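S.K.: I have a structure here, written as structure tokens, and I will follow up with some questions on it.
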There are 2 protein chains.
Amino acid sequence: MNQWEKNIRRTVPYVPGEQPQEEGIIKLNTNENPYPPSPGVFEAHKNININRFALYPDPAASELVRELENYYGLEKGQVFVGVGSDDVLSLSFLTFFNSKKPILFPDITYSFYPVWADVYRIPYECPPLDENFLICPEDYKRENGGIVIANPNAPTSIGLSCSAIEEIIQANQDVIVIVDEAYVDFGGETVLPLLEQYENLLVVRTYSKSRSLAGMRIGFAMGNKRLIQALTEIKESINSYTMSQEAIRIGAASLKDENYFQDNLNKIVATRERIKGELEQRGFAVLPSQTNFLFARTDKMSGGELFEKLCEKKIYVRHFNGERIRDYLRITVGTDEQMDKLIKAIDDILT
Amino acid sequence: MNQWEKNIRRTVPYVPGEQPQEEGIIKLNTNENPYPPSPGVFEAHKNININRFALYPDPAASELVRELENYYGLEKGQVFVGVGSDDVLSLSFLTFFNSKKPILFPDITYSFYPVWADVYRIPYECPPLDENFLICPEDYKRENGGIVIANPNAPTSIGLSCSAIEEIIQANQDVIVIVDEAYVDFGGETVLPLLEQYENLLVVRTYSKSRSLAGMRIGFAMGNKRLIQALTEIKESINSYTMSQEAIRIGAASLKDENYFQDNLNKIVATRERIKGELEQRGFAVLPSQTNFLFARTDKMSGGELFEKLCEKKIYVRHFNGERIRDYLRITVGTDEQMDKLIKAIDDILT
């Protein structure tokens with residue numbers, strides 16, 4: 001090893017789902033929305049002034065922040081925006097988890113949490129989910145340097161009630177509690193109403209799932225002004241201008257098409273429940289989902305094998321090789337047409 | 001102070017130049033390009049498939065990376081892209097500067113360097129520029145944990161020769177040396193040819209200045225494959241998808257309009273030299289610029305006062321309150337028309 005290599009920070013990176021660029025595949029592996037962005041997004045894209053791309057964007061992304069504050073009924077200074085919720089979450093880890101005590105998150109959850117903890121040298125412990133893949137609030141009543149909970153959780157798809165999360169926050173008012181609500185729009189119970197009571201609560205959301213804008217990279221955090229200010233200061237210590245002019249404009253426009261948004265969510269939830277039934281009819285165990293994906297397994301074939309066989313049929317789902325979940329597949333809810341093809345493929349494979 | 005506030009990371013953020021959104025101002029304060037992006041950028045924007053915004057972008061931004069490798073004659077694996085060069089530089093600090101020894105950069109340089117060092121808890125020392133605002137390679141021949149040099153330097157506008165930088169790299173083969181070439185396209189001497197000889201060299205560039213794309217947020221680094229791989233792993237430990245689909249597409253398109261690019265650079269350099277002459281005729285001391293800005297002072301008025309008076313006339317330039325530079329103004333080179341208005345305003349103020 002060269003001398004200069006000794007100064008390089010080492011980590012084990014997160015591995016995202018594949019993003020195959022070929023046409024003709026059915027992509028159910030990264031929980032994207034199968035429907036296009038809202039009509040206002042198309043308009044905003046068409047009308048943007050490209051000459052102004054020569055100028056830096058507003059570093060505060062004020063237009064987008066203001067629209068989000070309005071949409072969620074928050075005060076000025078309660079919203080922070082970033083390059084997807086991963087940007088917002090990683091900045092939150094860096095900003096808020098500077099204790100020598102371990103932060104806590106479940107053993108089965110978004111697999112980026114341990115990666116952020118590692119890259120920023122944050123100690124962590126992972127209380128296991130119970131045998132039904134549920135988070136036990138009791139496990140979070142011990143000394144810690146902060147807590148992060150995905151709710152609904154991934155890849156399990158299961159949501160916790162607002163009151164169960166409140167029990168965790170209640171017991172942890174000396175640290176910052178992050179609730180990652182990436183999937184909440186699909187039927188989870190949000191903890192947003194708790195923001196008024198708990199100044200140590202940060203709620204993180206994304207445009208990548210419910211708003212059909214994974215490709216534009218928009219995420220945000222909501223919390224009390226001191227938290228948002230702290231997050232802003234760290235962001236401004238790393239990159240003044242993270243949100244492109246186009247992301248700011250399109251993110252703001254998307255919030256105005258409420259009917260489109262709700263219709264889209266309803267369609268996905270209806271498809272999800274229908275396909276859950278189809279899978280259960282075929283003997284699959286399917287966890288109760290409050291997200292835009294299903295977490296399912298069958299006794300007839302291992303998760304890894306079924307994953308491979310679906311790949312061969314150009315249907316991409318997600319398989320995690322973790323101890324308690326390796327027999328499951330995480331299947332994004334696509335259009336009805338896509339899901340019918342999935343069911344047909346499963347029938348071909350298993351019968 | 002609440003208990004939870006004790007875990008918050010504290011920093012003193014970088015303060016970017018103002019981004020006033022009003023019309024009718026002359027904006028010469030953040031070194032943006034006064035000309036629009038290239039014709040190919042307009043085309044790429046128009047033709048992008050907005051339906052695909054629902055999908056995540058290619059995490060490797062392969063299309064953009066490939067075009068940059070071709071453009072600069074590099075091999076596959078030698079280019080890393082990010083959300084502006086600030087993203088690339090801050091990730092580079094986090095990735096490469098993990099020694100207990102101080103990193104080195106000049107006392108007068110891009111003021112984000114000490115901010116990144118602080119936020120990531122990297123020790124640093126700042127050898128002073130000489131009395132002519134030049135970097136002295138001798139000062140970089142001491143024990144250190146890494147080196148970062150802006151070349152041409154900002155806000156001084158002065159470039160160092162490739163051989164002077166090579167002297168620094170030559171003496172520091174046990175650490176990583178970053179050369180920040182944000183402004184090099186405007187007449188500086190690049191160290192790119194040194195990449196073949198020095199595996200510890202990383203060259204960082206941006207689309208924000210010479211390519212008129214500050215609003216789209218694109219920057220990149222070039223270096224040997226091990227450096228690029230290390231940077232990629234840290235990036236993938238923070239945010240899988242930093243580059244939007246649009247940034248990838250537009251960044252690639254911009255590289256294909258070489259004639260437009262060169263004409264644009266030539267215009268800016270011609271305007272710069274003309275305005276340097278105009279200022280010198282009026283008794284200003286103007287440093288020799290290899291950038292798209294001028295660093296100038298007059299004995300007739302303090303930098304702070306001239307800055308304020310120009311603001312009143314809706315002309316924004318940049319003033320830094322550092323000890324040796326507070327009498328200077330950093331003036332972005334705009335269009336000839338904008339610069340003529342600047343000169344007229346200066347005449348109004350000083351006579």
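Just so we're on the same page: first chain in the structure tokens is A, next is B, and so on; residues restart at 1 for each chain, and ligands are numbered from 1 in the order they show up.
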Applying 8 Å and only C-alpha atoms, which residues near B:Arg10 remain after dropping the ones on its own chain fewer than 6 positions away? List them as a PyMOL selection string.

M.R.: (chain A and resi 95+230+234) or (chain B and resi 119)

S.K.: Skip B:Thr332 itself and residues of its chain fewer than 5 positions away, then list as a compact mmCIF listing (two decimals) with C-alpha atoms, in the first residue's frame all residues within 7 Å of it, counting only C-alpha atoms.

M.R.:
# COMPACT_ATOMS: atom_id res chain seq x y z
CA LEU B 28 -20.83 40.33 -10.91
CA ASN B 29 -20.47 38.71 -7.50
CA THR B 30 -20.35 34.91 -7.89
CA ASN B 31 -18.24 34.40 -11.02
CA ASN B 292 -13.29 35.06 -15.26
CA PHE B 293 -12.90 37.72 -12.59
CA LEU B 294 -10.65 40.60 -11.65

S.K.: Write out as a VMD selection string every residue belonging to chain A that has an atom at most 7 Å from any atom of chain B, counting only C-alpha atoms.

M.R.: chain A and resid 3 to 4 7 to 9 11 13 to 14 16 19 32 to 33 36 to 37 42 50 to 51 53 to 58 83 86 to 87 90 95 to 99 115 to 116 119 174 to 176 200 212 to 217 233 to 234 236 to 240 242 244 to 245

S.K.: For the residues in the current selection, export C-alpha atoms as a JSON list (two decimals), in the first residue's frame.

M.R.:
[["chain", "number", "residue", "atom", "x", "y", "z"],
["A", 3, "GLN", "CA", 1.71, 5.90, 1.96],
["A", 4, "TRP", "CA", -1.05, 8.20, 0.61],
["A", 7, "ASN", "CA", -5.20, 8.57, 4.71],
["A", 8, "ILE", "CA", -8.20, 7.31, 2.73],
["A", 9, "ARG", "CA", -11.44, 6.82, 4.64],
["A", 11, "THR", "CA", -16.30, 2.18, 4.27],
["A", 13, "PRO", "CA", -20.92, 1.45, 0.67],
["A", 14, "TYR", "CA", -24.67, 1.00, 0.40],
["A", 16, "PRO", "CA", -28.77, 0.36, -4.30],
["A", 19, "GLN", "CA", -30.96, 0.67, -12.49],
["A", 32, "GLU", "CA", -40.31, 3.88, -7.75],
["A", 33, "ASN", "CA", -43.74, 5.12, -8.70],
["A", 36, "PRO", "CA", -45.49, 9.81, -14.38],
["A", 37, "PRO", "CA", -44.95, 13.03, -12.43],
["A", 42, "PHE", "CA", -44.35, 18.84, -17.19],
["A", 50, "ILE", "CA", -32.70, 27.90, -19.49],
["A", 51, "ASN", "CA", -30.70, 31.10, -19.86],
["A", 53, "PHE", "CA", -29.05, 27.98, -15.75],
["A", 54, "ALA", "CA", -25.89, 30.10, -16.05],
["A", 55, "LEU", "CA", -26.67, 31.55, -12.61],
["A", 56, "TYR", "CA", -26.41, 29.77, -9.28],
["A", 57, "PRO", "CA", -29.72, 28.66, -7.81],
["A", 58, "ASP", "CA", -31.15, 30.26, -4.69],
["A", 83, "VAL", "CA", -30.87, 15.98, -2.92],
["A", 86, "ASP", "CA", -30.71, 10.20, 1.44],
["A", 87, "ASP", "CA", -28.97, 13.56, 1.32],
["A", 90, "SER", "CA", -27.00, 11.59, 5.82],
["A", 95, "THR", "CA", -25.46, 17.04, 12.27],
["A", 96, "PHE", "CA", -27.36, 15.39, 15.10],
["A", 97, "PHE", "CA", -25.57, 12.18, 16.07],
["A", 98, "ASN", "CA", -22.42, 13.49, 17.73],
["A", 99, "SER", "CA", -22.65, 11.60, 20.98],
["A", 115, "VAL", "CA", -23.60, 2.84, 6.27],
["A", 116, "TRP", "CA", -24.08, 6.48, 7.33],
["A", 119, "VAL", "CA", -18.89, 6.68, 7.28],
["A", 174, "ASP", "CA", -32.55, 14.15, 25.54],
["A", 175, "VAL", "CA", -31.57, 13.01, 22.06],
["A", 176, "ILE", "CA", -32.79, 13.67, 18.56],
["A", 200, "ASN", "CA", -36.27, 16.86, 19.37],
["A", 212, "SER", "CA", -42.94, 10.10, -9.00],
["A", 213, "LEU", "CA", -39.78, 12.18, -8.96],
["A", 214, "ALA", "CA", -36.94, 9.82, -8.04],
["A", 215, "GLY", "CA", -34.99, 11.09, -11.03],
["A", 216, "MET", "CA", -35.11, 14.71, -9.90],
["A", 217, "ARG", "CA", -33.62, 14.07, -6.43],
["A", 233, "GLU", "CA", -25.59, 25.27, 8.90],
["A", 234, "ILE", "CA", -24.02, 21.88, 8.29],
["A", 236, "GLU", "CA", -23.90, 25.32, 4.18],
["A", 237, "SER", "CA", -20.61, 24.00, 5.50],
["A", 238, "ILE", "CA", -20.54, 21.34, 2.79],
["A", 239, "ASN", "CA", -22.28, 22.65, -0.33],
["A", 240, "SER", "CA", -24.06, 26.00, -0.63],
["A", 242, "THR", "CA", -27.38, 21.50, -3.57],
["A", 244, "SER", "CA", -30.68, 22.80, -8.96],
["A", 245, "GLN", "CA", -32.96, 25.52, -10.25]]

S.K.: Report, in Å with one decimal, the straight-line distance from atom CA of A:Val191 to atom CA of A:Pro102.

M.R.: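 These atoms are spaced 23.6 Å apart.
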
S.K.: Just want the 8 Å neighbourhood of stretch 152-158 of chain A, counted on only C-alpha atoms, with same-chain residues fewer than 3 positions away dropped. Output as a PDB file with N, CA, C and O atoms, in the first residue's frame.

M.R.:
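In the end it all went to part.pdb:
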ATOM      1  N   ILE A 108     -33.524  -4.827  11.307  1.00  0.00           N
ATOM      2  CA  ILE A 108     -34.012  -4.903   9.923  1.00  0.00           C
ATOM      3  C   ILE A 108     -34.686  -3.579   9.608  1.00  0.00           C
ATOM      4  O   ILE A 108     -35.752  -3.262  10.146  1.00  0.00           O
ATOM      5  N   THR A 109     -34.043  -2.793   8.748  1.00  0.00           N
ATOM      6  CA  THR A 109     -34.591  -1.482   8.387  1.00  0.00           C
ATOM      7  C   THR A 109     -33.844  -1.005   7.149  1.00  0.00           C
ATOM      8  O   THR A 109     -33.160  -1.801   6.484  1.00  0.00           O
ATOM      9  N   TYR A 110     -33.967   0.260   6.829  1.00  0.00           N
ATOM     10  CA  TYR A 110     -33.296   0.801   5.652  1.00  0.00           C
ATOM     11  C   TYR A 110     -31.793   0.568   5.800  1.00  0.00           C
ATOM     12  O   TYR A 110     -31.179   1.035   6.761  1.00  0.00           O
ATOM     13  N   PHE A 133     -41.810  -9.061  12.877  1.00  0.00           N
ATOM     14  CA  PHE A 133     -41.139  -7.938  12.215  1.00  0.00           C
ATOM     15  C   PHE A 133     -41.638  -6.577  12.703  1.00  0.00           C
ATOM     16  O   PHE A 133     -41.647  -5.606  11.950  1.00  0.00           O
ATOM     17  N   LEU A 134     -42.063  -6.532  13.951  1.00  0.00           N
ATOM     18  CA  LEU A 134     -42.528  -5.256  14.505  1.00  0.00           C
ATOM     19  C   LEU A 134     -41.453  -4.626  15.379  1.00  0.00           C
ATOM     20  O   LEU A 134     -40.668  -5.319  16.044  1.00  0.00           O
ATOM     21  N   ILE A 149     -35.893   5.881  13.064  1.00  0.00           N
ATOM     22  CA  ILE A 149     -36.918   4.875  12.810  1.00  0.00           C
ATOM     23  C   ILE A 149     -37.524   5.147  11.432  1.00  0.00           C
ATOM     24  O   ILE A 149     -37.982   6.267  11.169  1.00  0.00           O
ATOM     25  N   GLU A 181     -40.089   9.031   7.036  1.00  0.00           N
ATOM     26  CA  GLU A 181     -41.422   8.699   6.511  1.00  0.00           C
ATOM     27  C   GLU A 181     -41.425   8.623   4.984  1.00  0.00           C
ATOM     28  O   GLU A 181     -42.347   9.106   4.325  1.00  0.00           O
ATOM     29  N   ALA A 182     -40.420   7.998   4.420  1.00  0.00           N
ATOM     30  CA  ALA A 182     -40.315   7.907   2.961  1.00  0.00           C
ATOM     31  C   ALA A 182     -41.585   7.336   2.331  1.00  0.00           C
ATOM     32  O   ALA A 182     -41.988   7.731   1.242  1.00  0.00           O
ATOM     33  N   TYR A 183     -42.227   6.399   3.039  1.00  0.00           N
ATOM     34  CA  TYR A 183     -43.352   5.677   2.444  1.00  0.00           C
ATOM     35  C   TYR A 183     -44.701   6.050   3.036  1.00  0.00           C
ATOM     36  O   TYR A 183     -45.709   5.433   2.716  1.00  0.00           O
ATOM     37  N   VAL A 184     -44.729   7.036   3.913  1.00  0.00           N
ATOM     38  CA  VAL A 184     -45.934   7.274   4.714  1.00  0.00           C
ATOM     39  C   VAL A 184     -47.168   7.627   3.875  1.00  0.00           C
ATOM     40  O   VAL A 184     -48.293   7.337   4.276  1.00  0.00           O
ATOM     41  N   GLY A 188     -49.393   5.004   5.753  1.00  0.00           N
ATOM     42  CA  GLY A 188     -48.843   5.002   7.109  1.00  0.00           C
ATOM     43  C   GLY A 188     -49.430   6.136   7.939  1.00  0.00           C
ATOM     44  O   GLY A 188     -50.125   7.013   7.426  1.00  0.00           O
ATOM     45  N   LEU A 287     -46.446  -9.636   4.285  1.00  0.00           N
ATOM     46  CA  LEU A 287     -46.605  -8.755   5.444  1.00  0.00           C
ATOM     47  C   LEU A 287     -47.604  -7.644   5.123  1.00  0.00           C
ATOM     48  O   LEU A 287     -47.740  -7.253   3.962  1.00  0.00           O
ATOM     49  N   PRO A 288     -48.325  -7.150   6.152  1.00  0.00           N
ATOM     50  CA  PRO A 288     -49.317  -6.093   5.908  1.00  0.00           C
ATOM     51  C   PRO A 288     -48.609  -4.785   5.539  1.00  0.00           C
ATOM     52  O   PRO A 288     -47.881  -4.226   6.352  1.00  0.00           O
ATOM     53  N   SER A 289     -48.808  -4.323   4.319  1.00  0.00           N
ATOM     54  CA  SER A 289     -48.034  -3.193   3.807  1.00  0.00           C
ATOM     55  C   SER A 289     -48.751  -1.858   3.946  1.00  0.00           C
ATOM     56  O   SER A 289     -49.936  -1.742   3.624  1.00  0.00           O
ATOM     57  N   GLN A 290     -48.016  -0.855   4.425  1.00  0.00           N
ATOM     58  CA  GLN A 290     -48.499   0.529   4.371  1.00  0.00           C
ATOM     59  C   GLN A 290     -47.601   1.342   3.442  1.00  0.00           C
ATOM     60  O   GLN A 290     -47.437   2.545   3.609  1.00  0.00           O
ATOM     61  N   THR A 291     -47.023   0.658   2.472  1.00  0.00           N
ATOM     62  CA  THR A 291     -46.043   1.298   1.576  1.00  0.00           C
ATOM     63  C   THR A 291     -46.421   1.037   0.119  1.00  0.00           C
ATOM     64  O   THR A 291     -47.506   0.532  -0.163  1.00  0.00           O
ATOM     65  N   PHE A 293     -44.793  -1.121  -1.634  1.00  0.00           N
ATOM     66  CA  PHE A 293     -44.164  -2.404  -1.964  1.00  0.00           C
ATOM     67  C   PHE A 293     -44.733  -3.490  -1.056  1.00  0.00           C
ATOM     68  O   PHE A 293     -45.389  -3.207  -0.042  1.00  0.00           O
ATOM     69  N   LEU A 294     -44.491  -4.723  -1.458  1.00  0.00           N
ATOM     70  CA  LEU A 294     -44.911  -5.884  -0.670  1.00  0.00           C
ATOM     71  C   LEU A 294     -43.676  -6.680  -0.290  1.00  0.00           C
ATOM     72  O   LEU A 294     -42.719  -6.775  -1.070  1.00  0.00           O
ATOM     73  N   PHE A 295     -43.706  -7.231   0.911  1.00  0.00           N
ATOM     74  CA  PHE A 295     -42.595  -8.066   1.390  1.00  0.00           C
ATOM     75  C   PHE A 295     -43.181  -9.454   1.581  1.00  0.00           C
ATOM     76  O   PHE A 295     -44.041  -9.664   2.439  1.00  0.00           O
ATOM     77  N   ARG A 330     -38.752  -8.238  -1.843  1.00  0.00           N
ATOM     78  CA  ARG A 330     -39.414  -6.941  -1.749  1.00  0.00           C
ATOM     79  C   ARG A 330     -39.866  -6.563  -3.154  1.00  0.00           C
ATOM     80  O   ARG A 330     -39.040  -6.434  -4.060  1.00  0.00           O
TER      81      ARG A 330
END

S.K.: From a backbone DSSP assignment, name each residue in stretch 18-126 of chain A labelled strand (DSSP E or B), as JSON, numbers by chain.

M.R.: {"A": [26, 27, 79, 80, 81, 82, 103, 104, 124, 125]}

S.K.: Determine which residues of stretch 61-101 of chain A receive a DSSP assignment of helix (DSSP H, G or I), computed from the backbone, and state them as a PyMOL selection string.

M.R.: chain A and resi 62-71+84-96
